[in-house]
Amino acid sequence: MAKEKINVWIPEIDDLNDISIETLNFVFKQGELYLTELVKIYDNTISRAYTLLSIYISILGIMITFLATNLVSGGYDKEDTPILIILSFTLIPMIYCLFIIIGIIFPNQLMVTGRPPKELIPNKLMDIPVGDKLLYLLYNECIHLQTKVAYNELINTRRLASLKRVIITSVSTFIISFILIVSFYFFY
């Protein structure tokens with residue numbers, strides 16, 4: 001996947017003292033809920049991709065075995081030649097879809113909720129007055145959470161588009177192959 005720059009959201013607040021800790025806490029909790037939903041969408045997409053991968057490997061195995069058995073042994077009728085040709089050409093979009101499915105599953109590029117403590121406490125936190133430290137941390141976490149949300153939305157959009165492309169290609173290939181095979185049986 002091509003690297004795209006994620007726009008970092010920085011709220012326009014002139015003075016952090018103009019916003020309450022409760023407000024920032026509410027924004028942060030809502031952001032965490034939304035990020036959790038994005039993670040669920042991501043997991044659901046990966047589960048569907050694994051399901052498609054298992055189906056594709058099974059179908060490709062059957063097709064390749066069928067083609068290899070008939071082509072290598074030469075034990076097919078002349079009237080079955082168009083079907084073998086159609087199945088051979090059907091392998092191309094199926095292998096293409098297989099690579100897309102693998103691209104959906106790997107690599108795992110998700111940003112999850114939370115951060116390690118060493119990332120939470122910046123060195124400049126010591127320069128901030130004691131009463132404003134929680135406000136400062138919540139403010140920074142809201143910005144960081146929005147970055148994670150934007151990144152996960154981008155990843156989910158890409159993966160769902162790829163999954164849609166696989167399904168459309170699969171259905172189109174199946175319909176075209178079916179029509180061609182049926183037409184060869186009825187017109188030859």
# chains A, B, ... in the order shown; residues from 1 in each chain; ligands from 1
>>> residues_around(residues="region 113-127 of chain A", least_positions_apart="5", cutoff="10 Å", atoms="only C-alpha atoms", output="PyMOL selection string")
chain A and resi 31-33+35-36+39+132-134+136-138+140-141+144-145+148-149
>>> select_by_dssp(residues="chain A", states="helix (DSSP H, G or I)", output="ChimeraX atom specification")
/A:16-18,21-73,78-105,117-120,123-127,130-187
>>> closest_atom_pairs(of="region 7-104 of chain A", to="region 150-171 of chain A", cutoff="10 Å", atoms="only C-alpha atoms", output="tab-separated table")
residue	atom	partner	partner_atom	distance
A:Asn7	CA	A:Ala150	CA	7.7
A:Val8	CA	A:Ala150	CA	8.3
A:Trp9	CA	A:Ala150	CA	9.1
A:Leu35	CA	A:Asn152	CA	7.9
A:Leu38	CA	A:Asn152	CA	6.6
A:Val39	CA	A:Asn152	CA	7.7
A:Ile41	CA	A:Asn156	CA	7.2
A:Tyr42	CA	A:Asn156	CA	6.0
A:Asp43	CA	A:Asn156	CA	9.7
A:Thr45	CA	A:Leu160	CA	6.8
A:Ile46	CA	A:Arg159	CA	8.6
A:Arg48	CA	A:Leu163	CA	8.4
A:Ala49	CA	A:Leu163	CA	7.2
A:Leu52	CA	A:Val166	CA	9.0
A:Tyr56	CA	A:Ser170	CA	9.6
A:Thr90	CA	A:Ser170	CA	9.6
A:Pro93	CA	A:Thr169	CA	7.1
A:Met94	CA	A:Ser170	CA	7.0
A:Tyr96	CA	A:Val166	CA	8.7
A:Cys97	CA	A:Val166	CA	5.4
A:Leu98	CA	A:Val166	CA	8.3
A:Phe99	CA	A:Val166	CA	9.7
A:Ile100	CA	A:Ser162	CA	6.7
A:Ile101	CA	A:Leu163	CA	7.2
A:Gly103	CA	A:Arg159	CA	8.6
A:Ile104	CA	A:Arg159	CA	5.7
>>> closest_residue(among="A:Ser183, A:Asp18, A:Tyr50, A:Thr147", to="Lys5 (chain A)", atoms="only C-alpha atoms")
A:Thr147
>>> residues_around(residues="Leu180 (chain A)", least_positions_apart="6", cutoff="9 Å", atoms="only C-alpha atoms", output="PyMOL selection string")
chain A and resi 82-83+86
>>> atom_distance(atom1="CA of Gly131 (chain A)", atom2="CA of Ser20 (chain A)")
11.9 Å
>>> closest_residue(among="A:Leu67, A:Ile95, A:Ile13, A:Ile55", to="Asp80 (chain A)", atoms="only C-alpha atoms")
A:Leu67
>>> atom_distance(atom1="CA of Ser177 (chain A)", atom2="CA of Leu91 (chain A)")
10.7 Å
